Amino acid sequence: MPARLRALLVVLCAAVLGALLPAAGAHAASRTVQGGRLDWGIKSSFQSYVTGPVANGSYSLTGGAATVGASGFRFHSAAGTYDAATGAFRASFAGGVRFVGHKAADGTYRLDLTLSRPSVRVTGSTGTLYLDVTSKAKGTGTVTTSSQVPFASLALGGIDMRGAGTSVVLAGVPATLTSQGARSFAGYYTAGTALDPVSLAVDVRPAKRTQDPRTPTPTPSRTKQAAEKERAGDAIEDGAVDWGVRRTYREYVTGDIAKGRWTLSAGARDGGALFRFPAGEGTYREGALTARFAGAVRFTGDRGLDLELSGLRAVVGHGVGTLYADVTGPDLTRKKVPLVTFTAKGLKDDHGLVALTEAPAKLTAEGARAFGGMYPAGTAMDPVSLAVTLTGDAELPALPDLGDTAGDTASAGPAPVPTGAPKTSAEPVASATAEGHGGTAPTVALTAAALLLAAALFTAARRRTRRPRTATVGTPAEAATGNSAEAVTGTSAETPAEDRT
């Protein structure tokens with residue numbers, strides 16, 4: 001084989017390997033899905049049936065799930081894996097919703113369905129939505145609880161899930177009830193029934209490094225422990241109040257009447273079904289707590305809606321708590337307004353953490369004024385969760401993680417519309433953004449082309465080595481044999497001397 005061809009083949013093979021190795025490495029390294037949410041209305045007509053005059057029922061949210069838009073539910077804290085090279089995706093979400101209706105004389109419900117912990121798995125062009133389901137069978141009343149039922153198939157045709165960015169977003173993916181989902185749905189719908197479309201937005205991060213087991217976990221010194229114990233009866237290290245105001249109020253703000261939104265500022269964070277007001281400061285001693293918190297939430301919309309709550313304070317004593325806020329609104333503008341009272345029995349120090357979870361709360365008379373008389377005093381508001389740390393090593397409860405793509409503003413709109421253009425169709429088509437997608441296909445195409453070129457050159461070289469060298473370029477023998485310039489691998493002025501005949 002000519003030395004020049006050998007050199008060219010070496011270069012091509014190196015290029016091929018260079019193209020293949022990164023792809024293989026990307027395939028081997030699945031990335032972590034951590035943080036994000038899934039928005040899904042299940043089936044809007046089912047919601048209308050449950051809450052309508054026939055079933056005369058209702059729904060309730062569990063595990064930190066929230067409402068979003070006109071008829072959607074938001075599930076939070078995505079966790080899973082994502083393979084950027086193949087597009088394989090798996091993520092689970094927290095939260096659930098319970099539907100009840102057709103109340104019987106004994107107080108039970110003939111319709112009782114709980115759907116929780118949704119998870120999405122995508123392999124190639126196949127996607128499936130799984131759910132934990134507890135349902136009461138229609139007619140027999142038999143209660144069945146099943147874990148991770150393949151509830152709905154997701155239509156992902158035309159969506160390229162591959163990518164290398166920091167987020168994965170799917171908007172408006174059509175969902176169809178599976179046969180297993182139909183059985184779990186207590187017989188209300190048959191397999192193949194169209195469900196509400198599914199939208200999700202999750203963060204993709206590098207895989208977490210595990211701590212070296214040989215590295216001992218540091219422990220506080222005796223001096224530090226003594227100092228923290230001394231502080232435990234007085235100053236607060238950190239703290240947060242989690243409160244959603246009132247679910248139906250949020251739905252009113254973002255609904256068809258007010259057509260509004262809420263905006264968080266000054267460090268307040270969105271937990272889906274609640275707002276977190278952080279950076280608690282104050283004192284705690286033997287069940288008595290006085291603390292103030294940062295953050296503000298502002299509700300705006302049509303019909304003169306403009307209400308801001310900020311400067312939240314919590315005062316707890318003798319098993320009862322009061323949540324105050326600075327109120328700025330059309331009906332009341334005043335500082336330190338006592339908005340709600342809540343039960344706070346058993347508030348105590350547990351290894352440096354003082355916490356109260358979902359304490360029932362009622363609107364005060366002054367709170368009723370703050371909401372423009374929309375609710376009378378004594379109305380049940382969203383429960384209050386409160387936590388403060390007394391030592392440096394105590395940690396606050398985790399906030400439901402909606403992901404970095406959630407931003408600080410919630411509105412009635414769907415998940416962010418991705419930039420990728422869906423294929424043209426008369427039917428609604430889902431769209432997807434796997435940030436940085438499209439990097440894999442060109443690499444594969446380049447690799448295939450390089451392989452074909454290398455194979456062609458190798459075949460040509462083999463032919464030359466097998467052909468008797470009976471002619472040289474530019475001699476009558478070339479014309480006599482009928483060989484063309486493309487077919488003959490004879491010498492030229494540029495051929496190395498050792499290869500010339």
# chains A, B, ... in the order shown; residues from 1 in each chain; ligands from 1
$ residues_around --residues "Pro197 (chain A)" --least-positions-apart "6" --cutoff "6 Å" --atoms "only C-alpha atoms" --output "count of residues only"
4
$ select_by_dssp --residues "region 117-316 of chain A" --states "helix (DSSP H, G or I)" --output "PyMOL selection string"
chain A and resi 179-184+222-231+247-254
$ residues_around --residues "Ala65 (chain A)" --least-positions-apart "2" --cutoff "9 Å" --atoms "only C-alpha atoms" --output "number ranges by chain"
A: 61-63, 67, 73-76, 94-97, 272-273, 400
$ write_last_selection --atoms "N, CA and C atoms" --output "mmCIF file, in the first residue's frame"
data_model
loop_
_atom_site.group_PDB
_atom_site.id
_atom_site.type_symbol
_atom_site.label_atom_id
_atom_site.label_comp_id
_atom_site.auth_asym_id
_atom_site.auth_seq_id
_atom_site.Cartn_x
_atom_site.Cartn_y
_atom_site.Cartn_z
ATOM 1 N N LEU A 61 -55.550 18.377 47.589
ATOM 2 C CA LEU A 61 -54.168 18.170 47.190
ATOM 3 C C LEU A 61 -53.368 17.576 48.341
ATOM 4 N N THR A 62 -52.428 16.718 48.019
ATOM 5 C CA THR A 62 -51.594 16.091 49.031
ATOM 6 C C THR A 62 -50.130 16.211 48.627
ATOM 7 N N GLY A 63 -49.247 16.100 49.620
ATOM 8 C CA GLY A 63 -47.813 16.040 49.356
ATOM 9 C C GLY A 63 -47.227 17.257 48.683
ATOM 10 N N THR A 67 -52.274 23.743 42.387
ATOM 11 C CA THR A 67 -53.040 23.978 41.166
ATOM 12 C C THR A 67 -52.271 24.964 40.304
ATOM 13 N N PHE A 73 -52.876 20.572 37.589
ATOM 14 C CA PHE A 73 -52.250 20.275 38.871
ATOM 15 C C PHE A 73 -50.739 20.248 38.663
ATOM 16 N N ARG A 74 -50.008 20.769 39.633
ATOM 17 C CA ARG A 74 -48.559 20.836 39.530
ATOM 18 C C ARG A 74 -47.918 19.900 40.558
ATOM 19 N N PHE A 75 -47.096 18.986 40.052
ATOM 20 C CA PHE A 75 -46.348 18.049 40.878
ATOM 21 C C PHE A 75 -44.888 18.489 40.857
ATOM 22 N N HIS A 76 -44.204 18.351 41.970
ATOM 23 C CA HIS A 76 -42.932 19.049 42.148
ATOM 24 C C HIS A 76 -41.765 18.097 42.429
ATOM 25 N N ALA A 94 -43.209 14.573 43.066
ATOM 26 C CA ALA A 94 -43.912 14.424 44.332
ATOM 27 C C ALA A 94 -45.269 15.105 44.283
ATOM 28 N N GLY A 95 -46.157 14.656 45.190
ATOM 29 C CA GLY A 95 -47.475 15.264 45.296
ATOM 30 C C GLY A 95 -48.567 14.386 44.726
ATOM 31 N N GLY A 96 -49.814 14.705 45.099
ATOM 32 C CA GLY A 96 -50.946 13.921 44.614
ATOM 33 C C GLY A 96 -52.236 14.715 44.699
ATOM 34 N N VAL A 97 -53.289 14.148 44.113
ATOM 35 C CA VAL A 97 -54.613 14.767 44.163
ATOM 36 C C VAL A 97 -55.646 13.673 44.426
ATOM 37 N N GLY A 272 -44.911 25.978 44.760
ATOM 38 C CA GLY A 272 -46.039 25.362 44.089
ATOM 39 C C GLY A 272 -47.342 25.634 44.808
ATOM 40 N N ALA A 273 -47.577 24.903 45.895
ATOM 41 C CA ALA A 273 -48.805 25.092 46.665
ATOM 42 C C ALA A 273 -48.613 26.081 47.802
ATOM 43 N N PRO A 400 -40.496 22.291 48.326
ATOM 44 C CA PRO A 400 -40.764 21.616 47.049
ATOM 45 C C PRO A 400 -39.986 22.287 45.923
#
$ closest_residue --among "A:Val340, A:Thr290, A:Ala258, A:Ser167" --to "Gly304 (chain A)" --atoms "only C-alpha atoms"
A:Ala258
$ atom_distance --atom1 "CA of Asp331 (chain A)" --atom2 "CA of Gly295 (chain A)"
21.5 Å
$ residues_around --residues "Thr123 (chain A)" --least-positions-apart "4" --cutoff "9 Å" --atoms "only C-alpha atoms" --output "PyMOL selection string"
chain A and resi 86-90+127
